[in-house]
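Quick look at start16.cif (mmCIF, C-alpha atoms and all ligand atoms):
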```
data_final
loop_
_atom_site.label_atom_id
_atom_site.label_comp_id
_atom_site.auth_asym_id
_atom_site.auth_seq_id
_atom_site.Cartn_x
_atom_site.Cartn_y
_atom_site.Cartn_z
CA MET Q 1 -39.38 35.99 -8.10
CA ALA Q 2 -38.86 37.48 -11.56
CA TYR Q 3 -37.08 40.80 -11.94
CA ILE Q 4 -34.30 41.42 -9.44
CA LYS Q 5 -31.66 44.12 -9.12
CA VAL Q 6 -28.12 43.03 -10.05
CA LYS Q 7 -26.78 44.25 -6.71
CA GLU Q 8 -29.34 42.25 -4.75
CA LEU Q 9 -28.79 39.13 -6.87
CA LEU Q 10 -25.00 39.24 -6.53
CA ARG Q 11 -25.23 39.66 -2.78
CA HIS Q 12 -27.54 36.65 -2.63
CA ALA Q 13 -25.11 34.66 -4.80
CA THR Q 14 -22.19 35.60 -2.57
CA ASP Q 15 -24.13 34.58 0.54
CA HIS Q 16 -25.30 31.29 -1.01
CA HIS Q 17 -22.02 30.33 -2.72
CA TYR Q 18 -23.09 30.16 -6.33
CA GLY Q 19 -21.94 32.07 -9.38
CA VAL Q 20 -24.37 34.01 -11.56
CA ALA Q 21 -24.01 33.68 -15.33
CA ALA Q 22 -24.19 37.06 -17.05
CA ILE Q 23 -25.08 36.10 -20.59
CA ASN Q 24 -24.20 38.59 -23.32
CA VAL Q 25 -27.18 38.66 -25.66
CA PHE Q 26 -27.36 39.97 -29.20
CA SER Q 27 -30.94 39.23 -30.22
CA TYR Q 28 -34.40 38.53 -28.86
CA GLU Q 29 -33.80 34.77 -29.09
CA SER Q 30 -30.51 34.84 -27.20
CA ALA Q 31 -32.16 36.68 -24.30
CA CYS Q 32 -35.28 34.52 -24.34
CA TRP Q 33 -33.38 31.23 -24.40
CA ALA Q 34 -31.01 32.36 -21.62
CA VAL Q 35 -34.05 33.04 -19.41
CA ARG Q 36 -35.56 29.66 -20.34
CA ALA Q 37 -32.28 27.91 -19.49
CA ALA Q 38 -32.31 29.57 -16.06
CA GLU Q 39 -35.94 28.55 -15.52
CA GLN Q 40 -35.16 24.96 -16.42
CA GLU Q 41 -32.17 24.92 -14.03
CA HIS Q 42 -34.08 26.78 -11.30
CA VAL Q 43 -31.32 29.37 -10.86
CA PRO Q 44 -31.13 33.16 -11.31
CA ILE Q 45 -29.44 34.71 -14.34
CA ILE Q 46 -28.29 38.10 -15.66
CA ILE Q 47 -29.11 39.23 -19.19
CA GLN Q 48 -26.61 41.79 -20.42
CA LEU Q 49 -25.87 43.71 -23.59
CA TYR Q 50 -22.62 45.10 -24.93
CA PRO Q 51 -23.46 48.70 -25.98
CA GLY Q 52 -21.18 48.40 -29.02
CA PHE Q 53 -24.00 46.29 -30.50
CA ASP Q 54 -26.30 49.32 -30.57
CA PRO Q 55 -26.09 49.77 -34.37
CA HIS Q 56 -27.19 46.12 -34.71
CA ILE Q 57 -29.84 46.10 -31.99
CA ALA Q 58 -30.80 49.25 -30.08
CA CYS Q 59 -29.89 49.25 -26.38
CA ARG Q 60 -33.36 50.54 -25.46
CA HIS Q 61 -35.02 47.66 -27.29
CA VAL Q 62 -32.95 45.09 -25.42
CA ALA Q 63 -33.57 46.85 -22.08
CA SER Q 64 -37.28 46.79 -22.84
CA PHE Q 65 -37.71 43.13 -23.85
CA ALA Q 66 -35.18 41.84 -21.30
CA LEU Q 67 -37.05 43.59 -18.47
CA ASP Q 68 -40.34 42.23 -19.79
CA MET Q 69 -38.88 38.69 -19.85
CA ALA Q 70 -37.53 39.22 -16.33
CA GLU Q 71 -40.92 40.27 -14.97
CA LYS Q 72 -42.55 37.16 -16.39
CA ALA Q 73 -39.79 34.68 -15.49
CA SER Q 74 -40.23 32.01 -12.82
CA VAL Q 75 -36.68 32.63 -11.53
CA PRO Q 76 -34.90 35.89 -10.58
CA VAL Q 77 -33.59 37.63 -13.70
CA ALA Q 78 -31.46 40.80 -13.68
CA VAL Q 79 -30.69 43.10 -16.60
CA HIS Q 80 -27.39 44.89 -17.12
CA LEU Q 81 -25.51 47.04 -19.65
CA ASP Q 82 -22.01 45.65 -20.12
CA HIS Q 83 -18.79 47.63 -20.85
CA SER Q 84 -19.65 51.28 -21.15
CA ALA Q 85 -16.36 52.70 -22.38
CA SER Q 86 -17.36 56.24 -21.39
CA TYR Q 87 -19.55 58.25 -19.03
CA GLU Q 88 -21.78 59.18 -21.97
CA ILE Q 89 -22.40 55.53 -22.93
CA ALA Q 90 -23.17 54.56 -19.34
CA VAL Q 91 -25.62 57.46 -18.88
CA ALA Q 92 -27.24 56.67 -22.24
CA GLY Q 93 -27.75 53.14 -20.91
CA ILE Q 94 -29.48 54.55 -17.83
CA ARG Q 95 -31.64 56.72 -20.11
CA ASP Q 96 -32.46 53.63 -22.20
CA GLY Q 97 -33.81 51.83 -19.15
CA PHE Q 98 -31.00 49.59 -17.92
CA PRO Q 99 -31.32 49.13 -14.14
CA SER Q 100 -27.60 48.32 -13.93
CA VAL Q 101 -24.63 49.54 -15.97
CA MET Q 102 -20.91 48.98 -16.14
CA ILE Q 103 -18.53 51.91 -16.42
CA ASP Q 104 -15.18 50.69 -17.64
CA GLY Q 105 -12.42 53.16 -16.86
CA SER Q 106 -9.85 50.39 -16.45
CA SER Q 107 -7.62 51.58 -19.28
CA LEU Q 108 -7.30 55.00 -17.59
CA PRO Q 109 -4.85 55.94 -14.83
CA PHE Q 110 -6.19 55.10 -11.34
CA ASP Q 111 -7.34 58.65 -10.48
CA GLU Q 112 -9.15 59.09 -13.80
CA ASN Q 113 -10.82 55.71 -13.41
CA VAL Q 114 -12.00 56.81 -9.95
CA ALA Q 115 -13.25 60.11 -11.37
CA VAL Q 116 -15.28 58.66 -14.28
CA THR Q 117 -16.69 55.93 -12.01
CA ARG Q 118 -17.76 58.47 -9.38
CA LYS Q 119 -19.33 60.71 -12.00
CA THR Q 120 -21.33 57.77 -13.41
CA ILE Q 121 -22.42 56.68 -9.93
CA GLU Q 122 -23.69 60.19 -9.15
CA VAL Q 123 -26.17 59.94 -12.02
CA ALA Q 124 -26.92 56.26 -11.42
CA ARG Q 125 -27.90 56.90 -7.79
CA ILE Q 126 -30.52 59.44 -8.90
CA PHE Q 127 -32.21 56.70 -10.94
CA GLY Q 128 -31.56 53.84 -8.50
CA VAL Q 129 -29.26 52.14 -11.01
CA ASP Q 130 -26.46 49.75 -9.95
CA VAL Q 131 -22.91 50.33 -11.17
CA GLU Q 132 -20.18 47.80 -11.91
CA ALA Q 133 -16.67 49.21 -12.29
CA GLU Q 134 -13.38 47.66 -13.36
CA LEU Q 135 -9.90 47.92 -11.89
CA GLY Q 136 -6.84 46.24 -13.33
CA HIS Q 137 -7.27 45.84 -17.04
CA VAL Q 138 -9.03 42.86 -18.62
CA GLY Q 139 -7.51 42.85 -22.11
CA SER Q 140 -7.96 40.71 -25.20
CA GLY Q 141 -7.50 36.95 -25.22
CA SER Q 142 -5.95 37.33 -28.66
CA ARG Q 143 -2.81 38.82 -27.04
CA ALA Q 144 -0.82 36.44 -24.85
CA GLU Q 145 0.64 39.30 -22.80
CA ASP Q 146 -2.89 40.44 -21.85
CA ILE Q 147 -3.40 37.07 -20.18
CA THR Q 148 -0.01 36.62 -18.53
CA ASP Q 149 1.19 40.18 -17.74
CA THR Q 150 0.57 40.35 -14.00
CA SER Q 151 1.18 44.13 -13.98
CA LYS Q 152 -2.32 44.43 -15.53
CA TYR Q 153 -3.88 42.28 -12.81
CA THR Q 154 -5.95 43.95 -10.10
CA SER Q 155 -3.88 45.09 -7.12
CA ILE Q 156 -5.53 44.27 -3.79
CA GLU Q 157 -4.41 47.54 -2.16
CA GLU Q 158 -5.64 49.61 -5.12
CA ALA Q 159 -8.94 47.73 -5.19
CA VAL Q 160 -9.62 48.55 -1.54
CA GLU Q 161 -8.84 52.22 -2.20
CA PHE Q 162 -10.87 52.25 -5.44
CA VAL Q 163 -13.99 50.84 -3.79
CA ARG Q 164 -13.60 53.23 -0.86
CA GLN Q 165 -13.30 56.25 -3.15
CA THR Q 166 -16.03 55.31 -5.65
CA GLY Q 167 -18.65 53.33 -3.73
CA CYS Q 168 -19.21 51.08 -6.78
CA ASP Q 169 -21.65 48.19 -6.32
CA SER Q 170 -19.48 45.45 -7.84
CA LEU Q 171 -15.96 45.25 -9.21
CA ALA Q 172 -14.67 43.50 -12.34
CA VAL Q 173 -11.15 42.26 -11.73
CA ALA Q 174 -8.21 41.17 -13.86
CA VAL Q 175 -6.82 37.88 -12.58
CA GLY Q 176 -5.53 36.16 -15.73
CA ASN Q 177 -8.82 36.47 -17.65
CA ALA Q 178 -9.29 38.27 -20.99
CA HIS Q 179 -11.99 38.96 -23.58
CA GLY Q 180 -12.81 36.95 -26.69
CA VAL Q 181 -11.03 33.86 -27.96
CA TYR Q 182 -7.90 32.95 -25.97
CA VAL Q 183 -4.66 32.23 -27.85
CA GLN Q 184 -3.56 30.06 -24.95
CA VAL Q 185 -5.30 28.38 -22.03
CA PRO Q 186 -5.80 31.01 -19.31
CA HIS Q 187 -4.74 30.20 -15.76
CA LEU Q 188 -6.61 32.25 -13.20
CA ASP Q 189 -4.65 33.67 -10.27
CA LEU Q 190 -6.79 31.99 -7.60
CA ASP Q 191 -4.69 33.38 -4.73
CA ARG Q 192 -5.47 36.88 -5.96
CA ILE Q 193 -9.20 36.12 -6.16
CA LYS Q 194 -9.07 34.84 -2.59
CA ALA Q 195 -7.21 37.96 -1.41
CA LEU Q 196 -9.60 40.30 -3.26
CA ARG Q 197 -12.60 38.49 -1.79
CA ALA Q 198 -11.17 38.83 1.71
CA ALA Q 199 -10.28 42.52 1.27
CA LEU Q 200 -13.54 43.77 -0.32
CA ASP Q 201 -17.14 43.66 0.83
CA ILE Q 202 -18.77 44.04 -2.60
CA PRO Q 203 -19.41 41.31 -5.21
CA LEU Q 204 -16.60 40.45 -7.64
CA VAL Q 205 -17.04 40.04 -11.39
CA LEU Q 206 -15.08 37.87 -13.81
CA HIS Q 207 -15.09 38.94 -17.46
CA GLY Q 208 -14.00 36.76 -20.37
CA CYS Q 209 -15.29 33.47 -18.92
CA SER Q 210 -15.52 31.71 -22.30
CA ASP Q 211 -13.01 28.87 -22.60
CA ILE Q 212 -11.61 29.25 -19.09
CA PRO Q 213 -11.16 25.64 -17.88
CA ASP Q 214 -14.14 24.36 -15.87
CA GLU Q 215 -11.98 23.62 -12.80
CA SER Q 216 -10.82 27.26 -12.66
CA ILE Q 217 -14.39 28.55 -13.00
CA GLN Q 218 -15.63 26.31 -10.20
CA ALA Q 219 -12.66 27.17 -8.01
CA SER Q 220 -13.50 30.87 -8.54
CA VAL Q 221 -17.10 30.27 -7.50
CA ASN Q 222 -15.92 28.51 -4.36
CA LEU Q 223 -13.58 31.42 -3.61
CA GLY Q 224 -16.53 33.85 -3.74
CA MET Q 225 -16.52 35.24 -7.28
CA SER Q 226 -20.15 36.17 -8.05
CA LYS Q 227 -20.76 37.33 -11.64
CA PHE Q 228 -19.38 35.49 -14.66
CA ASN Q 229 -19.61 37.23 -18.04
CA ILE Q 230 -20.06 34.81 -20.93
CA ALA Q 231 -20.20 36.17 -24.47
CA THR Q 232 -17.91 34.39 -26.94
CA GLU Q 233 -19.11 30.89 -26.11
CA ILE Q 234 -22.78 31.84 -26.40
CA ASP Q 235 -22.20 33.35 -29.82
CA ARG Q 236 -20.29 30.20 -30.77
CA ALA Q 237 -23.07 27.92 -29.46
CA PHE Q 238 -25.48 29.68 -31.83
CA TYR Q 239 -23.07 29.36 -34.74
CA GLN Q 240 -22.32 25.69 -34.13
CA SER Q 241 -26.00 24.85 -33.62
CA VAL Q 242 -26.86 26.51 -36.93
CA ARG Q 243 -23.97 24.71 -38.63
CA ARG Q 244 -25.11 21.33 -37.31
CA THR Q 245 -28.77 21.93 -38.16
CA ILE Q 246 -28.80 23.75 -41.47
CA ASN Q 247 -29.39 21.77 -44.64
CA MET Q 248 -27.15 23.33 -47.26
CA GLU Q 249 -28.98 21.46 -50.04
CA GLU Q 250 -32.36 22.95 -49.13
CA GLU Q 251 -32.94 25.96 -51.35
CA LYS Q 252 -36.39 26.80 -49.98
CA GLY Q 253 -35.38 26.55 -46.34
CA SER Q 254 -36.99 28.47 -43.51
CA LEU Q 255 -34.96 30.62 -41.15
CA PHE Q 256 -37.86 30.60 -38.70
CA ARG Q 257 -37.83 26.80 -38.60
CA LEU Q 258 -34.05 26.77 -38.28
CA MET Q 259 -34.21 29.13 -35.28
CA ASN Q 260 -36.81 26.90 -33.64
CA GLU Q 261 -34.61 23.86 -34.21
CA ILE Q 262 -31.51 25.43 -32.63
CA GLU Q 263 -33.36 26.55 -29.50
CA ALA Q 264 -32.85 23.21 -27.75
CA PRO Q 265 -29.07 22.88 -28.34
CA VAL Q 266 -28.37 26.53 -27.48
CA THR Q 267 -30.51 26.36 -24.34
CA GLU Q 268 -28.79 23.13 -23.32
CA PHE Q 269 -25.39 24.80 -23.74
CA ILE Q 270 -26.44 27.66 -21.43
CA ARG Q 271 -27.84 25.14 -18.92
CA GLY Q 272 -24.41 23.49 -18.84
CA LYS Q 273 -22.84 26.83 -17.91
CA LEU Q 274 -25.45 27.38 -15.20
CA ARG Q 275 -24.68 23.96 -13.70
CA LEU Q 276 -20.94 24.68 -13.85
CA LEU Q 277 -21.46 27.90 -11.88
CA ASN Q 278 -23.56 26.14 -9.28
CA PRO Q 279 -21.25 23.52 -7.71
CA ASN Q 280 -23.17 23.59 -4.42
CA ARG Q 281 -26.49 23.02 -6.21
CA TYR Q 282 -28.40 26.09 -5.09
CA ARG Q 283 -31.99 26.08 -6.41
CA VAL Q 284 -34.62 28.77 -6.45
ZN ZN Q 301 -15.52 42.55 -20.17
#
```

Show me this structure written as structure tokens.
Amino acid sequence: MAYIKVKELLRHATDHHYGVAAINVFSYESACWAVRAAEQEHVPIIIQLYPGFDPHIACRHVASFALDMAEKASVPVAVHLDHSASYEIAVAGIRDGFPSVMIDGSSLPFDENVAVTRKTIEVARIFGVDVEAELGHVGSGSRAEDITDTSKYTSIEEAVEFVRQTGCDSLAVAVGNAHGVYVQVPHLDLDRIKALRAALDIPLVLHGCSDIPDESIQASVNLGMSKFNIATEIDRAFYQSVRRTINMEEEKGSLFRLMNEIEAPVTEFIRGKLRLLNPNRYRV
């Protein structure tokens, strides 16, 4: 139980037909409550950090407390560094203690993406760290063309070649998904997910899972997608819980009390996501 490697967890998820929520955390509470939600649902979970948050909360601090939470958890918990936009950021994440990192070379030409992914994996292997890569470009949900432009979607032939040349442990794919708030409802290319699953023997990752319709998420799980990155909706669940709970008339309010009061609604929101990703009701 407790701490598990991302690679091992995703393989287990693939074999047992459930999706793993990779919750983007931004504070001690967000990590702690994600782990509690997983314990209450009796399913594994991934705690991950976007390295761009480093000025707000140091990557090494998050690696440290997330790993500590994982070791003490009653369910398998993995820890991962999300979107490293460069080799340097990915290697800094390894230095900071992340047992799994993403190297995102997806905005580069194919050969350069292969090169930066291989270079990152060379270092990662020395430290026994897992590496997620990305092929096809997952853009921003704020731009309609990033959602609908199929030329940015992951090509099956290129994906096979990319995995062969890099040896990455998991692959983030572009199949109609995008980051942040969507300007229009995204429609996942389920046929492409099915084809990618059939063509590759490593776990697949879906970024930008916030606000994708539930039916599409569950269909993706049933087609063998394994890791589901959720950031925007978690941040929003915190915001909405604070908004519903805070008493604007109270001048001598307590932030500590407020945080305690929003734990239940935020945790319940995460539990809902865990249930959504577990249509076949796997339990630890
Ligand atoms: Zn992403």

Review point. Could you pull the residues within 10 Å of Glu39 (chain Q), counting all atoms listed in the file, minus those fewer than 5 positions along the same chain, as a list of chain:residue names?
Key: Q:Trp33, Q:Ala34, Q:Pro44, Q:Ile45, Q:Ala73, Q:Ser74, Q:Val75, Q:Pro76, Q:Val77, Q:Arg271, Q:Val284

Okay, now the selection with C-alpha atoms, as an mmCIF file, keeping the file's coordinate frame?
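This is the output file again-v8.cif:
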```cif
data_model
loop_
_atom_site.group_PDB
_atom_site.id
_atom_site.type_symbol
_atom_site.label_atom_id
_atom_site.label_comp_id
_atom_site.auth_asym_id
_atom_site.auth_seq_id
_atom_site.Cartn_x
_atom_site.Cartn_y
_atom_site.Cartn_z
ATOM 1 C CA TRP Q 33 -33.380 31.230 -24.400
ATOM 2 C CA ALA Q 34 -31.010 32.360 -21.620
ATOM 3 C CA PRO Q 44 -31.130 33.160 -11.310
ATOM 4 C CA ILE Q 45 -29.440 34.710 -14.340
ATOM 5 C CA ALA Q 73 -39.790 34.680 -15.490
ATOM 6 C CA SER Q 74 -40.230 32.010 -12.820
ATOM 7 C CA VAL Q 75 -36.680 32.630 -11.530
ATOM 8 C CA PRO Q 76 -34.900 35.890 -10.580
ATOM 9 C CA VAL Q 77 -33.590 37.630 -13.700
ATOM 10 C CA ARG Q 271 -27.840 25.140 -18.920
ATOM 11 C CA VAL Q 284 -34.620 28.770 -6.450
#
```

Can you check which parts of chain Q lie within 10 Å of ligand ZN 301 (chain Q)? Per residue, the shortest pair of atoms and distance in Å to one decimal, counting only C-alpha atoms and all ligand atoms, sorted by chain and number, as JSON lines.
```
{"residue": "Q:Tyr50", "atom": "CA", "partner": "Q:ZN301", "partner_atom": "ZN", "distance": 8.9}
{"residue": "Q:Asp82", "atom": "CA", "partner": "Q:ZN301", "partner_atom": "ZN", "distance": 7.2}
{"residue": "Q:His83", "atom": "CA", "partner": "Q:ZN301", "partner_atom": "ZN", "distance": 6.1}
{"residue": "Q:Ser84", "atom": "CA", "partner": "Q:ZN301", "partner_atom": "ZN", "distance": 9.7}
{"residue": "Q:Met102", "atom": "CA", "partner": "Q:ZN301", "partner_atom": "ZN", "distance": 9.3}
{"residue": "Q:Asp104", "atom": "CA", "partner": "Q:ZN301", "partner_atom": "ZN", "distance": 8.5}
{"residue": "Q:Glu134", "atom": "CA", "partner": "Q:ZN301", "partner_atom": "ZN", "distance": 8.8}
{"residue": "Q:His137", "atom": "CA", "partner": "Q:ZN301", "partner_atom": "ZN", "distance": 9.4}
{"residue": "Q:Val138", "atom": "CA", "partner": "Q:ZN301", "partner_atom": "ZN", "distance": 6.7}
{"residue": "Q:Gly139", "atom": "CA", "partner": "Q:ZN301", "partner_atom": "ZN", "distance": 8.2}
{"residue": "Q:Ser140", "atom": "CA", "partner": "Q:ZN301", "partner_atom": "ZN", "distance": 9.3}
{"residue": "Q:Ala172", "atom": "CA", "partner": "Q:ZN301", "partner_atom": "ZN", "distance": 7.9}
{"residue": "Q:Val173", "atom": "CA", "partner": "Q:ZN301", "partner_atom": "ZN", "distance": 9.5}
{"residue": "Q:Ala174", "atom": "CA", "partner": "Q:ZN301", "partner_atom": "ZN", "distance": 9.8}
{"residue": "Q:Asn177", "atom": "CA", "partner": "Q:ZN301", "partner_atom": "ZN", "distance": 9.4}
{"residue": "Q:Ala178", "atom": "CA", "partner": "Q:ZN301", "partner_atom": "ZN", "distance": 7.6}
{"residue": "Q:His179", "atom": "CA", "partner": "Q:ZN301", "partner_atom": "ZN", "distance": 6.1}
{"residue": "Q:Gly180", "atom": "CA", "partner": "Q:ZN301", "partner_atom": "ZN", "distance": 9.0}
{"residue": "Q:Val205", "atom": "CA", "partner": "Q:ZN301", "partner_atom": "ZN", "distance": 9.3}
{"residue": "Q:Leu206", "atom": "CA", "partner": "Q:ZN301", "partner_atom": "ZN", "distance": 7.9}
{"residue": "Q:His207", "atom": "CA", "partner": "Q:ZN301", "partner_atom": "ZN", "distance": 4.5}
{"residue": "Q:Gly208", "atom": "CA", "partner": "Q:ZN301", "partner_atom": "ZN", "distance": 6.0}
{"residue": "Q:Cys209", "atom": "CA", "partner": "Q:ZN301", "partner_atom": "ZN", "distance": 9.2}
{"residue": "Q:Phe228", "atom": "CA", "partner": "Q:ZN301", "partner_atom": "ZN", "distance": 9.8}
{"residue": "Q:Asn229", "atom": "CA", "partner": "Q:ZN301", "partner_atom": "ZN", "distance": 7.0}
{"residue": "Q:Ile230", "atom": "CA", "partner": "Q:ZN301", "partner_atom": "ZN", "distance": 9.0}
{"residue": "Q:Ala231", "atom": "CA", "partner": "Q:ZN301", "partner_atom": "ZN", "distance": 9.0}
```

Review point. With all atoms listed in the file as the atoms that count, which of Q:Glu263, Q:Arg243, Q:Asn222, Q:Phe269 lies nearest to Asp15 (chain Q)?
Key: Q:Asn222

Revision key, fill the gap. Restricting to all atoms listed in the file, whichever of Q:Gln218, Q:Asn24, Q:Ser64, Q:Thr166 is closest to Arg275 (chain Q) is Q:Gln218

Review point. What would the list of residues within 12 Å of (-34.6, 49.9, -15.1) (file frame) look like as a PyMOL selection string, if only C-alpha atoms are what count?
Key: chain Q and resi 3-6+60+62-68+70-71+78-81+93-101+124+127-130

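We find CA of Asp169 (chain Q) and CA of Glu132 (chain Q) to be spaced 5.8 Å apart.
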
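Considering the residues Q:Asn260, Q:Ser142, Q:Ser151, Q:Gln165 and counting all atoms listed in the file, Pro186 (chain Q) has its shortest atom-to-atom contact with Q:Ser142.
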
Practice item. For CA of Leu190 (chain Q) and CA of Asn278 (chain Q), quote the distance in Å rounded to one decimal. Key: 17.8 Å

Missing atoms in region 44-52 of chain Q need filling: write out all heavy atoms for it as an mmCIF file, in the frame of the given file.
```
data_model
loop_
_atom_site.group_PDB
_atom_site.id
_atom_site.type_symbol
_atom_site.label_atom_id
_atom_site.label_comp_id
_atom_site.auth_asym_id
_atom_site.auth_seq_id
_atom_site.Cartn_x
_atom_site.Cartn_y
_atom_site.Cartn_z
ATOM 1 N N PRO Q 44 -31.045 31.799 -10.758
ATOM 2 C CA PRO Q 44 -31.130 33.160 -11.310
ATOM 3 C C PRO Q 44 -30.143 33.341 -12.463
ATOM 4 O O PRO Q 44 -29.226 32.534 -12.648
ATOM 5 C CB PRO Q 44 -30.721 34.042 -10.124
ATOM 6 C CG PRO Q 44 -30.770 33.169 -8.920
ATOM 7 C CD PRO Q 44 -30.485 31.780 -9.395
ATOM 8 N N ILE Q 45 -30.329 34.421 -13.202
ATOM 9 C CA ILE Q 45 -29.440 34.710 -14.340
ATOM 10 C C ILE Q 45 -29.426 36.227 -14.578
ATOM 11 O O ILE Q 45 -30.350 36.929 -14.148
ATOM 12 C CB ILE Q 45 -29.922 33.955 -15.602
ATOM 13 C CG1 ILE Q 45 -28.793 33.857 -16.654
ATOM 14 C CG2 ILE Q 45 -31.177 34.592 -16.203
ATOM 15 C CD1 ILE Q 45 -29.073 32.836 -17.761
ATOM 16 N N ILE Q 46 -28.357 36.695 -15.229
ATOM 17 C CA ILE Q 46 -28.290 38.100 -15.660
ATOM 18 C C ILE Q 46 -28.253 38.135 -17.191
ATOM 19 O O ILE Q 46 -27.480 37.406 -17.811
ATOM 20 C CB ILE Q 46 -27.024 38.804 -15.104
ATOM 21 C CG1 ILE Q 46 -27.067 38.859 -13.577
ATOM 22 C CG2 ILE Q 46 -26.899 40.218 -15.693
ATOM 23 C CD1 ILE Q 46 -25.777 39.327 -12.927
ATOM 24 N N ILE Q 47 -29.116 38.978 -17.756
ATOM 25 C CA ILE Q 47 -29.110 39.230 -19.190
ATOM 26 C C ILE Q 47 -28.376 40.544 -19.394
ATOM 27 O O ILE Q 47 -28.747 41.560 -18.799
ATOM 28 C CB ILE Q 47 -30.566 39.393 -19.725
ATOM 29 C CG1 ILE Q 47 -31.386 38.135 -19.433
ATOM 30 C CG2 ILE Q 47 -30.573 39.728 -21.206
ATOM 31 C CD1 ILE Q 47 -30.848 36.886 -20.045
ATOM 32 N N GLN Q 48 -27.326 40.529 -20.218
ATOM 33 C CA GLN Q 48 -26.610 41.790 -20.420
ATOM 34 C C GLN Q 48 -26.319 42.026 -21.893
ATOM 35 O O GLN Q 48 -26.276 41.104 -22.703
ATOM 36 C CB GLN Q 48 -25.336 41.846 -19.579
ATOM 37 C CG GLN Q 48 -24.273 40.827 -19.926
ATOM 38 C CD GLN Q 48 -23.057 40.954 -19.018
ATOM 39 O OE1 GLN Q 48 -23.134 41.526 -17.928
ATOM 40 N NE2 GLN Q 48 -21.934 40.420 -19.446
ATOM 41 N N LEU Q 49 -26.122 43.311 -22.196
ATOM 42 C CA LEU Q 49 -25.870 43.710 -23.590
ATOM 43 C C LEU Q 49 -24.599 44.543 -23.650
ATOM 44 O O LEU Q 49 -24.371 45.420 -22.807
ATOM 45 C CB LEU Q 49 -27.042 44.565 -24.109
ATOM 46 C CG LEU Q 49 -26.833 45.127 -25.520
ATOM 47 C CD1 LEU Q 49 -26.963 44.016 -26.567
ATOM 48 C CD2 LEU Q 49 -27.811 46.247 -25.824
ATOM 49 N N TYR Q 50 -23.803 44.267 -24.646
ATOM 50 C CA TYR Q 50 -22.620 45.100 -24.930
ATOM 51 C C TYR Q 50 -23.089 46.295 -25.756
ATOM 52 O O TYR Q 50 -23.666 46.107 -26.834
ATOM 53 C CB TYR Q 50 -21.594 44.261 -25.699
ATOM 54 C CG TYR Q 50 -20.400 45.031 -26.165
ATOM 55 C CD1 TYR Q 50 -19.600 45.725 -25.265
ATOM 56 C CD2 TYR Q 50 -20.060 45.091 -27.521
ATOM 57 C CE1 TYR Q 50 -18.507 46.451 -25.690
ATOM 58 C CE2 TYR Q 50 -18.960 45.807 -27.960
ATOM 59 C CZ TYR Q 50 -18.185 46.488 -27.044
ATOM 60 O OH TYR Q 50 -17.103 47.212 -27.472
ATOM 61 N N PRO Q 51 -22.888 47.546 -25.267
ATOM 62 C CA PRO Q 51 -23.460 48.700 -25.980
ATOM 63 C C PRO Q 51 -22.897 48.914 -27.379
ATOM 64 O O PRO Q 51 -23.526 49.592 -28.188
ATOM 65 C CB PRO Q 51 -23.135 49.885 -25.059
ATOM 66 C CG PRO Q 51 -22.075 49.419 -24.136
ATOM 67 C CD PRO Q 51 -22.198 47.936 -24.026
ATOM 68 N N GLY Q 52 -21.738 48.311 -27.669
ATOM 69 C CA GLY Q 52 -21.180 48.400 -29.020
ATOM 70 C C GLY Q 52 -22.083 47.736 -30.057
ATOM 71 O O GLY Q 52 -21.929 47.946 -31.261
#
```
